[in-house]
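Engineer: Quick one, final-v2.txt (compact mmCIF, C-alpha atoms):
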# COMPACT_ATOMS: atom_id res chain seq x y z
CA MET A 1 3.55 -36.32 54.66
CA ARG A 2 3.00 -39.63 52.89
CA ASN A 3 3.66 -42.96 54.57
CA PRO A 4 7.45 -43.52 54.43
CA PHE A 5 7.09 -47.29 54.73
CA SER A 6 6.24 -49.60 51.85
CA ILE A 7 4.57 -53.00 51.64
CA SER A 8 5.40 -53.42 47.95
CA PHE A 9 8.04 -56.04 47.26
CA GLY A 10 11.20 -54.98 45.44
CA THR A 11 10.80 -51.19 45.60
CA LEU A 12 13.31 -49.08 47.49
CA PRO A 13 11.24 -47.57 50.34
CA THR A 14 11.89 -44.18 51.92
CA GLN A 15 12.61 -45.88 55.23
CA TYR A 16 15.28 -48.30 54.10
CA ILE A 17 17.83 -49.88 56.42
CA SER A 18 20.85 -50.42 54.24
CA ARG A 19 22.95 -53.53 54.55
CA ILE A 20 26.19 -51.62 54.61
CA THR A 21 28.61 -54.54 54.83
CA GLN A 22 27.11 -56.55 51.96
CA THR A 23 26.58 -53.50 49.75
CA ASN A 24 30.15 -52.28 50.18
CA GLN A 25 31.53 -55.77 49.68
CA ILE A 26 29.89 -56.13 46.27
CA VAL A 27 30.42 -52.56 45.05
CA GLU A 28 34.09 -52.56 46.06
CA MET A 29 34.64 -55.95 44.43
CA PHE A 30 33.02 -54.95 41.13
CA THR A 31 34.74 -51.56 40.93
CA ASP A 32 38.19 -52.98 41.69
CA ASP A 33 40.74 -52.79 38.86
CA ASN A 34 41.13 -56.58 38.96
CA PRO A 35 37.97 -58.02 40.56
CA SER A 36 38.30 -61.61 41.73
CA ASN A 37 34.55 -62.16 41.30
CA HIS A 38 32.15 -61.02 38.59
CA VAL A 39 29.09 -62.76 40.04
CA PHE A 40 27.21 -62.52 43.33
CA MET A 41 24.10 -64.39 44.39
CA LEU A 42 21.76 -62.84 46.95
CA THR A 43 19.61 -65.30 48.83
CA GLY A 44 17.28 -65.38 51.79
CA ILE A 45 13.70 -66.09 52.73
CA ARG A 46 10.83 -64.28 51.02
CA GLY A 47 10.63 -60.72 52.26
CA SER A 48 14.22 -60.61 53.51
CA GLY A 49 15.12 -57.75 51.16
CA LYS A 50 17.01 -59.50 48.35
CA THR A 51 15.52 -57.40 45.55
CA VAL A 52 15.83 -54.18 47.54
CA LEU A 53 19.52 -54.86 48.21
CA MET A 54 20.10 -55.58 44.52
CA THR A 55 18.29 -52.36 43.62
CA ASP A 56 20.41 -50.39 46.07
CA ILE A 57 23.63 -51.79 44.61
CA SER A 58 22.36 -51.14 41.07
CA GLU A 59 21.72 -47.49 41.90
CA ARG A 60 25.16 -47.14 43.45
CA LEU A 61 26.86 -48.49 40.32
CA ARG A 62 24.58 -46.62 37.95
CA ASN A 63 25.94 -43.42 39.47
CA GLU A 64 29.53 -44.54 38.94
CA LYS A 65 31.37 -43.35 35.84
CA ASP A 66 31.32 -45.74 32.83
CA TRP A 67 28.84 -48.21 34.34
CA ILE A 68 25.80 -49.50 32.46
CA VAL A 69 23.16 -51.30 34.55
CA VAL A 70 20.56 -53.49 32.87
CA GLU A 71 17.84 -55.76 34.23
CA ILE A 72 16.62 -58.84 32.40
CA SER A 73 13.85 -61.31 33.16
CA PRO A 74 14.52 -65.03 33.66
CA GLU A 75 11.05 -65.82 32.29
CA ARG A 76 11.96 -65.06 28.67
CA ASP A 77 14.91 -65.65 26.32
CA MET A 78 17.56 -63.87 28.40
CA LEU A 79 20.09 -63.35 25.60
CA GLU A 80 17.42 -61.73 23.45
CA GLY A 81 16.42 -59.59 26.41
CA LEU A 82 20.04 -58.59 27.08
CA ALA A 83 20.69 -57.71 23.42
CA ALA A 84 17.54 -55.58 23.19
CA THR A 85 18.22 -53.83 26.51
CA LEU A 86 21.83 -53.01 25.65
CA TYR A 87 20.86 -51.73 22.21
CA ALA A 88 18.25 -49.45 23.77
CA VAL A 89 20.86 -47.60 25.88
CA PRO A 90 21.47 -44.35 23.91
CA GLU A 91 25.23 -44.14 24.45
CA LEU A 92 25.66 -47.82 23.55
CA HIS A 93 23.42 -47.47 20.50
CA ALA A 94 25.73 -44.75 19.20
CA LEU A 95 28.76 -46.93 19.98
CA PHE A 96 27.35 -49.85 18.00
CA ILE A 97 26.51 -47.66 15.00
CA LYS A 98 30.02 -46.22 15.00
CA ALA A 99 31.44 -49.76 15.10
CA LYS A 100 29.22 -50.65 12.10
CA LEU A 101 27.44 -53.46 13.92
CA ASP A 102 24.32 -54.44 12.00
CA PHE A 103 21.66 -56.09 14.19
CA SER A 104 18.73 -55.44 11.83
CA ALA A 105 18.24 -59.16 11.18
CA LEU A 106 17.46 -59.55 14.87
CA GLY A 107 14.91 -56.75 14.80
CA LEU A 108 17.28 -54.25 16.43
CA GLY A 109 17.71 -50.97 14.57
CA VAL A 110 18.19 -50.55 10.85
CA SER A 111 20.71 -52.06 8.48
CA VAL A 112 24.17 -50.52 8.40
CA GLU A 113 25.76 -49.78 5.03
CA ASN A 114 28.72 -51.99 4.12
CA ALA A 115 28.23 -54.20 7.18
CA ALA A 116 27.28 -57.87 7.26
CA PRO A 117 24.09 -58.43 9.28
CA ILE A 118 24.54 -60.42 12.50
CA THR A 119 21.90 -63.13 12.56
CA ASP A 120 22.61 -64.96 15.83
CA THR A 121 21.66 -63.47 19.20
CA GLU A 122 24.58 -65.00 21.10
CA VAL A 123 27.02 -63.62 18.54
CA ALA A 124 25.31 -60.24 18.75
CA VAL A 125 25.71 -60.03 22.54
CA ASN A 126 29.36 -61.09 22.21
CA ARG A 127 30.05 -58.27 19.74
CA MET A 128 28.19 -55.77 21.91
CA LEU A 129 30.17 -56.67 25.00
CA GLU A 130 33.42 -56.68 23.03
CA TYR A 131 32.95 -53.06 21.97
CA ILE A 132 31.58 -52.02 25.36
CA THR A 133 34.74 -53.38 26.99
CA LYS A 134 36.96 -51.67 24.40
CA ALA A 135 35.20 -48.40 25.20
CA GLY A 136 36.24 -48.75 28.86
CA LYS A 137 32.73 -49.36 30.16
CA ARG A 138 31.38 -52.01 32.51
CA VAL A 139 27.99 -53.71 32.40
CA LEU A 140 26.08 -54.91 35.45
CA ILE A 141 23.31 -57.40 34.67
CA THR A 142 20.70 -57.99 37.36
CA VAL A 143 18.31 -60.95 37.41
CA ASP A 144 15.60 -61.20 40.06
CA GLU A 145 14.10 -64.41 41.48
CA VAL A 146 15.96 -66.94 39.36
CA THR A 147 14.89 -70.55 38.97
CA ASN A 148 16.63 -73.48 37.35
CA ASN A 149 14.91 -73.12 33.97
CA ALA A 150 16.07 -73.44 30.36
CA ASN A 151 16.41 -69.67 29.89
CA LEU A 152 18.75 -69.37 32.84
CA LYS A 153 20.88 -72.33 31.78
CA VAL A 154 21.46 -70.92 28.29
CA PHE A 155 22.24 -67.46 29.67
CA ALA A 156 24.60 -68.76 32.37
CA ALA A 157 26.50 -70.86 29.84
CA ALA A 158 26.92 -67.79 27.62
CA PHE A 159 27.96 -65.63 30.59
CA GLN A 160 30.70 -68.14 31.37
CA ILE A 161 32.09 -67.49 27.87
CA TYR A 162 31.97 -63.72 28.43
CA LEU A 163 34.13 -64.13 31.52
CA ARG A 164 36.66 -66.26 29.64
CA ARG A 165 36.94 -63.50 27.04
CA ASN A 166 37.62 -60.95 29.78
CA PHE A 167 34.59 -58.83 28.96
CA GLN A 168 33.76 -56.22 31.60
CA VAL A 169 30.44 -57.78 32.51
CA TYR A 170 29.09 -58.42 36.01
CA LEU A 171 26.10 -60.29 37.34
CA ILE A 172 23.90 -60.15 40.44
CA MET A 173 21.12 -62.70 40.83
CA THR A 174 18.57 -63.07 43.60
CA GLY A 175 16.69 -66.23 44.48
CA LEU A 176 15.47 -68.55 47.16
CA TYR A 177 18.21 -70.81 48.49
CA GLU A 178 16.86 -74.00 46.94
CA ASN A 179 16.57 -72.37 43.50
CA LEU A 180 20.15 -71.10 43.58
CA TYR A 181 21.34 -74.45 44.95
CA ASN A 182 19.71 -76.33 42.06
CA LEU A 183 21.20 -73.93 39.54
CA GLN A 184 24.69 -74.15 41.01
CA ASN A 185 24.64 -77.93 40.84
CA GLU A 186 24.16 -78.01 37.08
CA LYS A 187 27.23 -79.85 35.76
CA SER A 188 27.71 -77.40 32.90
CA LEU A 189 27.58 -74.32 35.17
CA THR A 190 30.36 -75.02 37.65
CA PHE A 191 31.48 -71.38 37.68
CA LEU A 192 28.24 -70.55 39.52
CA TYR A 193 29.19 -73.02 42.23
CA ARG A 194 32.20 -70.85 42.99
CA ALA A 195 30.19 -67.63 42.92
CA PRO A 196 29.83 -66.16 46.42
CA LYS A 197 26.37 -66.28 47.98
CA VAL A 198 25.26 -63.44 50.21
CA ILE A 199 22.73 -64.83 52.68
CA LEU A 200 20.56 -62.04 54.05
CA GLU A 201 20.42 -62.15 57.82
CA PRO A 202 17.99 -60.15 60.00
CA LEU A 203 18.36 -56.37 59.91
CA ASN A 204 20.58 -54.65 62.44
CA TYR A 205 18.52 -54.35 65.65
CA THR A 206 20.01 -50.98 66.64
CA ALA A 207 19.19 -49.58 63.19
CA VAL A 208 15.56 -50.76 63.41
CA VAL A 209 15.17 -49.10 66.83
CA SER A 210 16.76 -45.89 65.55
CA HIS A 211 14.49 -45.68 62.50
CA TYR A 212 11.28 -46.25 64.46
CA LYS A 213 12.36 -43.79 67.15
CA LYS A 214 13.13 -41.06 64.62
CA VAL A 215 10.15 -41.52 62.30
CA PHE A 216 7.49 -41.79 65.01
CA GLU A 217 9.19 -39.54 67.57
CA ILE A 218 8.73 -42.16 70.28
CA ASP A 219 10.87 -43.07 73.27
CA ASN A 220 13.51 -45.75 73.22
CA GLU A 221 11.38 -48.28 75.13
CA GLN A 222 8.53 -48.20 72.61
CA ALA A 223 10.94 -48.27 69.65
CA GLU A 224 12.67 -51.33 71.13
CA TYR A 225 9.30 -53.03 71.64
CA MET A 226 8.43 -52.46 67.99
CA ALA A 227 11.85 -53.66 66.85
CA LYS A 228 11.46 -56.90 68.82
CA LEU A 229 8.09 -57.50 67.14
CA THR A 230 9.88 -57.52 63.76
CA LYS A 231 12.80 -59.77 64.79
CA GLY A 232 14.79 -57.85 62.20
CA TYR A 233 12.76 -59.36 59.34
CA SER A 234 12.92 -56.79 56.54
CA PHE A 235 9.32 -57.08 55.35
CA ALA A 236 8.02 -57.03 58.94
CA PHE A 237 9.96 -53.80 59.58
CA GLN A 238 8.11 -52.20 56.67
CA VAL A 239 4.70 -53.68 57.54
CA LEU A 240 4.73 -52.67 61.20
CA GLY A 241 5.90 -49.17 60.32
CA TYR A 242 3.32 -48.88 57.56
CA ILE A 243 0.41 -49.89 59.79
CA TYR A 244 1.51 -47.80 62.77
CA TRP A 245 1.91 -44.73 60.54
CA ASN A 246 -1.75 -45.07 59.59
CA ASN A 247 -2.80 -45.69 63.22
CA LYS A 248 -0.56 -43.43 65.28
CA GLU A 249 -3.16 -42.94 67.99
CA SER A 250 -3.52 -46.69 68.55
CA LYS A 251 -1.57 -48.88 70.90
CA ILE A 252 0.81 -51.33 69.26
CA GLU A 253 -1.19 -54.24 70.70
CA ASP A 254 -4.30 -52.98 68.88
CA ILE A 255 -2.67 -53.16 65.45
CA LEU A 256 -1.18 -56.63 65.89
CA PRO A 257 -4.15 -58.41 64.20
CA GLU A 258 -3.62 -56.30 61.08
CA TYR A 259 0.14 -56.86 61.32
CA ASP A 260 -0.43 -60.62 61.46
CA GLN A 261 -2.79 -60.49 58.50
CA TYR A 262 -0.26 -58.72 56.29
CA LEU A 263 2.50 -61.18 57.22
CA ASP A 264 0.20 -64.16 56.67
CA GLU A 265 -1.24 -63.13 53.32
CA TYR A 266 1.90 -61.64 51.80
CA VAL A 267 4.51 -64.14 53.00
CA TYR A 268 3.65 -66.85 55.52
CA ASP A 269 0.95 -68.59 53.46
CA LYS A 270 3.48 -69.07 50.65
CA ILE A 271 6.28 -70.19 52.97
CA TRP A 272 3.98 -72.70 54.70
CA SER A 273 2.71 -74.11 51.40
CA GLU A 274 6.28 -74.74 50.21
CA MET A 275 7.33 -76.63 53.33
CA SER A 276 7.39 -80.44 53.31
CA GLU A 277 5.29 -82.46 55.73
CA MET A 278 8.34 -83.17 57.89
CA ASP A 279 9.44 -79.52 57.80
CA ARG A 280 6.01 -78.62 59.15
CA LYS A 281 6.23 -81.31 61.79
CA VAL A 282 9.45 -79.87 63.21
CA VAL A 283 8.23 -76.28 63.08
CA SER A 284 4.88 -77.23 64.62
CA ALA A 285 6.63 -78.94 67.52
CA MET A 286 8.65 -75.77 68.11
CA ALA A 287 5.61 -73.52 67.96
CA ILE A 288 3.39 -75.61 70.23
CA SER A 289 5.96 -76.57 72.87
CA GLY A 290 8.07 -73.43 72.83
CA GLU A 291 11.02 -75.79 73.13
CA THR A 292 14.37 -74.71 71.66
CA ASN A 293 16.63 -77.50 72.90
CA VAL A 294 17.55 -79.71 69.94
CA SER A 295 17.67 -82.95 71.95
CA LYS A 296 14.23 -82.40 73.44
CA LEU A 297 12.74 -81.34 70.12
CA ARG A 298 14.17 -84.44 68.48
CA GLU A 299 12.37 -86.57 71.07
CA LEU A 300 9.12 -84.67 70.53
CA VAL A 301 9.09 -85.39 66.79
CA GLY A 302 10.45 -88.93 67.17
CA MET A 303 13.53 -88.57 64.99
CA THR A 304 17.07 -89.89 65.18
CA THR A 305 19.95 -87.44 65.37
CA SER A 306 20.76 -87.87 61.67
CA GLN A 307 17.12 -87.52 60.62
CA PHE A 308 16.62 -84.36 62.65
CA SER A 309 19.86 -82.86 61.29
CA VAL A 310 18.50 -83.09 57.75
CA TYR A 311 15.42 -81.02 58.54
CA ARG A 312 17.27 -78.62 60.82
CA ASP A 313 19.69 -77.85 57.96
CA ARG A 314 16.83 -77.52 55.46
CA LEU A 315 14.95 -75.07 57.69
CA LYS A 316 18.13 -73.12 58.32
CA ARG A 317 18.83 -72.77 54.59
CA LYS A 318 15.24 -71.66 54.01
CA GLY A 319 15.73 -68.90 56.60
CA ILE A 320 13.05 -70.21 58.95
CA ILE A 321 15.13 -71.12 62.00
CA ASN A 322 18.14 -69.72 63.81
CA THR A 323 20.93 -72.18 64.67
CA ALA A 324 23.49 -69.71 66.03
CA GLN A 325 23.50 -71.19 69.54
CA TYR A 326 24.94 -74.68 69.67
CA GLY A 327 22.36 -77.28 70.69
CA TYR A 328 19.44 -74.90 70.31
CA ILE A 329 17.23 -73.66 67.49
CA SER A 330 14.54 -70.99 67.35
CA LEU A 331 12.10 -69.57 64.82
CA LEU A 332 13.46 -66.52 63.00
CA LEU A 333 10.24 -65.07 61.62
CA PRO A 334 8.17 -62.71 63.79
CA ARG A 335 4.93 -64.13 65.20
CA PHE A 336 5.35 -67.22 63.05
CA GLU A 337 4.50 -69.34 66.10
CA GLU A 338 1.00 -67.86 66.10
CA TYR A 339 0.62 -68.54 62.40
CA VAL A 340 1.76 -72.15 62.73
CA LYS A 341 -0.60 -72.87 65.63
CA LEU A 342 -3.55 -71.72 63.52
CA HIS A 343 -2.54 -73.74 60.46
CA ILE A 344 -1.33 -77.06 61.87
CA ASP A 345 -4.54 -78.94 61.06
CA LEU A 346 -5.44 -77.05 57.86
How does the structure come out when it is put into structure tokens?
Structural biologist:
Amino acid sequence: MRNPFSISFGTLPTQYISRITQTNQIVEMFTDDNPSNHVFMLTGIRGSGKTVLMTDISERLRNEKDWIVVEISPERDMLEGLAATLYAVPELHALFIKAKLDFSALGLGVSVENAAPITDTEVAVNRMLEYITKAGKRVLITVDEVTNNANLKVFAAAFQIYLRRNFQVYLIMTGLYENLYNLQNEKSLTFLYRAPKVILEPLNYTAVVSHYKKVFEIDNEQAEYMAKLTKGYSFAFQVLGYIYWNNKESKIEDILPEYDQYLDEYVYDKIWSEMSEMDRKVVSAMAISGETNVSKLRELVGMTTSQFSVYRDRLKRKGIINTAQYGYISLLLPRFEEYVKLHIDL
């Protein structure tokens, strides 16, 4: 049997712990007769499972009657990408031909007799969505790892028009919190500010234990030990399972160096490089001292209450610390303390 765990980002692994609440929330909203939201934003730290969740929802809707699911890249002209992707769907292609829509001037298909060629991409997408909606179909557009770039701004402005025209079009975007925050604060894209954000929390602890116990046929104590090593971090769940599957005769302690290496090279190096000097100062103080009391940590880093609050909130939004207990904070990522201690002076 092949390894059921995956260390590839974005793919739906065999051992996947579904986020039932968030998945049902989005699917039920989009499939409602009168949905109050057509847009959802999925955010969380790298490796938290944003893309996997979006993929899971996409597959659910793809299997629903009259749903078309398309994926477009934010690194190219998104309206061009959307037009080309919609035109390539066989049932939609036939619909457009029947409606005598001529997109040949845009490089899509051949000219249609007795039809004026459409020469503007934005107009083309509008006409496509108009006829898709008339046909009783719904379109889900997915965009992975968005940033506040020119392509996204143009697309989002056009999407706002689609909503005003009551087209049956829906959107899921994933991105790091700061990227979505920057996008939402664009003055011309206020509708995104109202779009609900789904912040991915750690995986359900009971589910992690259950999966490890079943896959490896181990007792509850060992499965709980493995689950605690992941802290519910989605990528860590996959990495630890992946390594242990290949080293079933080893003790968990013996595979920890390899576990650390995967976390460091795939995720932690990038997270650390993107942190500001003051972010690192706070996290370093936590890692070295083991302190979780906010007042004591504030003294250690020499900050006022207001100064410390700024960095606490930043680290919370980035998904690096847990602030659930009033007056205390702790690191969310598994074995991140060890990583920080090794990289403080680098």
Engineer: Quick one: residues within 10 Å of Thr323 in chain A, all atoms listed in the file counted, chain neighbours fewer than 6 positions away excluded, as a PDB file with C-alpha atoms, in the coordinates of the input?
Structural biologist:
ATOM      1  CA  THR A 292      14.370 -74.710  71.660  1.00  0.00           C
ATOM      2  CA  VAL A 294      17.550 -79.710  69.940  1.00  0.00           C
ATOM      3  CA  ARG A 312      17.270 -78.620  60.820  1.00  0.00           C
ATOM      4  CA  ASP A 313      19.690 -77.850  57.960  1.00  0.00           C
ATOM      5  CA  LEU A 315      14.950 -75.070  57.690  1.00  0.00           C
ATOM      6  CA  LYS A 316      18.130 -73.120  58.320  1.00  0.00           C
ATOM      7  CA  ILE A 329      17.230 -73.660  67.490  1.00  0.00           C
ATOM      8  CA  SER A 330      14.540 -70.990  67.350  1.00  0.00           C
ATOM      9  CA  LEU A 331      12.100 -69.570  64.820  1.00  0.00           C
ATOM     10  CA  LEU A 332      13.460 -66.520  63.000  1.00  0.00           C
TER      11      LEU A 332
END
Engineer: Which residue gives the smallest distance to Ile20 in chain A among A:Ser306, A:Ser250, A:Ser48, A:Asn204, with all atoms listed in the file counted?
Structural biologist: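 Among the listed residues, the smallest separation from Ile20 in chain A belongs to A:Asn204.
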Engineer: Skip Phe103 in chain A itself and residues of its chain fewer than 2 positions away, then list as JSON, numbers by chain all residues within 8 Å of it, counting all atoms listed in the file.
Structural biologist: {"A": [101, 105, 106, 107, 108, 109, 110, 111, 117, 118, 119, 124]}
Engineer: By how many Å are CA of Tyr162 in chain A and CA of Glu130 in chain A apart?
Structural biologist: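 Distance between the two atoms: 9.0 Å.
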Engineer: Tell me which protein, DNA and RNA residues are within 12 Å of Ile72 in chain A, counting only C-alpha atoms, leaving out same-chain ones fewer than 3 positions away, and put them as a PyMOL selection string.
Structural biologist: chain A and resi 69+75-86+140-146+151-152+155+171-173
Engineer: Taking C-alpha atoms for each residue, export the selection above as a short mmCIF file (atom, residue, chain, number, x, y, z; two decimals), in the frame of the given file.
Structural biologist:
data_model
loop_
_atom_site.label_atom_id
_atom_site.label_comp_id
_atom_site.auth_asym_id
_atom_site.auth_seq_id
_atom_site.Cartn_x
_atom_site.Cartn_y
_atom_site.Cartn_z
CA VAL A 69 23.16 -51.30 34.55
CA GLU A 75 11.05 -65.82 32.29
CA ARG A 76 11.96 -65.06 28.67
CA ASP A 77 14.91 -65.65 26.32
CA MET A 78 17.56 -63.87 28.40
CA LEU A 79 20.09 -63.35 25.60
CA GLU A 80 17.42 -61.73 23.45
CA GLY A 81 16.42 -59.59 26.41
CA LEU A 82 20.04 -58.59 27.08
CA ALA A 83 20.69 -57.71 23.42
CA ALA A 84 17.54 -55.58 23.19
CA THR A 85 18.22 -53.83 26.51
CA LEU A 86 21.83 -53.01 25.65
CA LEU A 140 26.08 -54.91 35.45
CA ILE A 141 23.31 -57.40 34.67
CA THR A 142 20.70 -57.99 37.36
CA VAL A 143 18.31 -60.95 37.41
CA ASP A 144 15.60 -61.20 40.06
CA GLU A 145 14.10 -64.41 41.48
CA VAL A 146 15.96 -66.94 39.36
CA ASN A 151 16.41 -69.67 29.89
CA LEU A 152 18.75 -69.37 32.84
CA PHE A 155 22.24 -67.46 29.67
CA LEU A 171 26.10 -60.29 37.34
CA ILE A 172 23.90 -60.15 40.44
CA MET A 173 21.12 -62.70 40.83
#
Engineer: Hey, what's within 12 Å of range 49-51 of chain A if we count all atoms listed in the file and toss same-chain stuff fewer than 2 positions away? As a VMD selection string, please?
Structural biologist: chain A and resid 7 to 13 16 to 19 22 to 23 40 to 47 53 to 58 71 142 to 146 172 to 177 197 to 203 232 to 238
Engineer: Could you check how far CA of Val89 in chain A sits from CA of Asn34 in chain A, in Å to one decimal?
Structural biologist: 25.7 Å
Engineer: Using all atoms listed in the file, which protein or nucleic acid residues come within 10 Å of Leu192 in chain A? Drop anything in the same chain fewer than 3 positions from it, and give the result as number ranges by chain.
Structural biologist: A: 39-41, 156-157, 160, 180-181, 183-186, 188-189, 195-197
Engineer: Keeping only C-alpha atoms, write the selected residues as a compact mmCIF listing (two decimals), in the coordinates of the input.
Structural biologist:
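And here's result10.txt as it stands now:
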# COMPACT_ATOMS: atom_id res chain seq x y z
CA VAL A 39 29.09 -62.76 40.04
CA PHE A 40 27.21 -62.52 43.33
CA MET A 41 24.10 -64.39 44.39
CA ALA A 156 24.60 -68.76 32.37
CA ALA A 157 26.50 -70.86 29.84
CA GLN A 160 30.70 -68.14 31.37
CA LEU A 180 20.15 -71.10 43.58
CA TYR A 181 21.34 -74.45 44.95
CA LEU A 183 21.20 -73.93 39.54
CA GLN A 184 24.69 -74.15 41.01
CA ASN A 185 24.64 -77.93 40.84
CA GLU A 186 24.16 -78.01 37.08
CA SER A 188 27.71 -77.40 32.90
CA LEU A 189 27.58 -74.32 35.17
CA ALA A 195 30.19 -67.63 42.92
CA PRO A 196 29.83 -66.16 46.42
CA LYS A 197 26.37 -66.28 47.98
Engineer: From the options A:Val139, A:Ile252, A:Met226, A:Ile132, which residue's atoms come nearest to Glu64 in chain A, counting all atoms listed in the file?
Structural biologist: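 Using all atoms listed in the file, Glu64 in chain A sits closest to A:Val139.
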Engineer: Please, could N, CA, C and O atoms be added to range 321-336 of chain A and the result written as an mmCIF file, in the frame of the given file?
Structural biologist:
data_model
loop_
_atom_site.group_PDB
_atom_site.id
_atom_site.type_symbol
_atom_site.label_atom_id
_atom_site.label_comp_id
_atom_site.auth_asym_id
_atom_site.auth_seq_id
_atom_site.Cartn_x
_atom_site.Cartn_y
_atom_site.Cartn_z
ATOM 1 N N ILE A 321 14.658 -70.958 60.625
ATOM 2 C CA ILE A 321 15.130 -71.120 62.000
ATOM 3 C C ILE A 321 16.529 -70.537 62.172
ATOM 4 O O ILE A 321 17.287 -70.391 61.211
ATOM 5 N N ASN A 322 16.832 -70.236 63.422
ATOM 6 C CA ASN A 322 18.140 -69.720 63.810
ATOM 7 C C ASN A 322 18.908 -70.835 64.522
ATOM 8 O O ASN A 322 18.388 -71.448 65.452
ATOM 9 N N THR A 323 20.122 -71.112 64.067
ATOM 10 C CA THR A 323 20.930 -72.180 64.670
ATOM 11 C C THR A 323 22.220 -71.645 65.268
ATOM 12 O O THR A 323 23.183 -72.385 65.450
ATOM 13 N N ALA A 324 22.248 -70.352 65.577
ATOM 14 C CA ALA A 324 23.490 -69.710 66.030
ATOM 15 C C ALA A 324 24.006 -70.284 67.349
ATOM 16 O O ALA A 324 25.210 -70.399 67.546
ATOM 17 N N GLN A 325 23.093 -70.656 68.245
ATOM 18 C CA GLN A 325 23.500 -71.190 69.540
ATOM 19 C C GLN A 325 23.574 -72.709 69.473
ATOM 20 O O GLN A 325 22.592 -73.374 69.143
ATOM 21 N N TYR A 326 24.734 -73.240 69.781
ATOM 22 C CA TYR A 326 24.940 -74.680 69.670
ATOM 23 C C TYR A 326 23.945 -75.455 70.547
ATOM 24 O O TYR A 326 23.773 -75.157 71.721
ATOM 25 N N GLY A 327 23.289 -76.443 69.950
ATOM 26 C CA GLY A 327 22.360 -77.280 70.690
ATOM 27 C C GLY A 327 20.964 -76.715 70.805
ATOM 28 O O GLY A 327 20.087 -77.349 71.404
ATOM 29 N N TYR A 328 20.753 -75.538 70.217
ATOM 30 C CA TYR A 328 19.440 -74.900 70.310
ATOM 31 C C TYR A 328 19.040 -74.337 68.944
ATOM 32 O O TYR A 328 19.897 -73.940 68.148
ATOM 33 N N ILE A 329 17.747 -74.307 68.686
ATOM 34 C CA ILE A 329 17.230 -73.660 67.490
ATOM 35 C C ILE A 329 15.990 -72.846 67.872
ATOM 36 O O ILE A 329 15.321 -73.150 68.864
ATOM 37 N N SER A 330 15.722 -71.818 67.089
ATOM 38 C CA SER A 330 14.540 -70.990 67.350
ATOM 39 C C SER A 330 14.002 -70.469 66.035
ATOM 40 O O SER A 330 14.714 -70.423 65.028
ATOM 41 N N LEU A 331 12.726 -70.079 66.031
ATOM 42 C CA LEU A 331 12.100 -69.570 64.820
ATOM 43 C C LEU A 331 12.550 -68.129 64.576
ATOM 44 O O LEU A 331 12.535 -67.303 65.487
ATOM 45 N N LEU A 332 12.945 -67.846 63.346
ATOM 46 C CA LEU A 332 13.460 -66.520 63.000
ATOM 47 C C LEU A 332 12.366 -65.516 62.673
ATOM 48 O O LEU A 332 12.522 -64.322 62.910
ATOM 49 N N LEU A 333 11.260 -65.977 62.115
ATOM 50 C CA LEU A 333 10.240 -65.070 61.620
ATOM 51 C C LEU A 333 9.331 -64.565 62.728
ATOM 52 O O LEU A 333 8.912 -65.335 63.596
ATOM 53 N N PRO A 334 8.991 -63.290 62.718
ATOM 54 C CA PRO A 334 8.170 -62.710 63.790
ATOM 55 C C PRO A 334 6.751 -63.255 63.792
ATOM 56 O O PRO A 334 6.106 -63.358 62.745
ATOM 57 N N ARG A 335 6.299 -63.656 64.973
ATOM 58 C CA ARG A 335 4.930 -64.130 65.200
ATOM 59 C C ARG A 335 4.569 -65.324 64.310
ATOM 60 O O ARG A 335 3.391 -65.584 64.046
ATOM 61 N N PHE A 336 5.590 -66.038 63.870
ATOM 62 C CA PHE A 336 5.350 -67.220 63.050
ATOM 63 C C PHE A 336 4.762 -68.341 63.897
ATOM 64 O O PHE A 336 4.048 -69.206 63.393
#
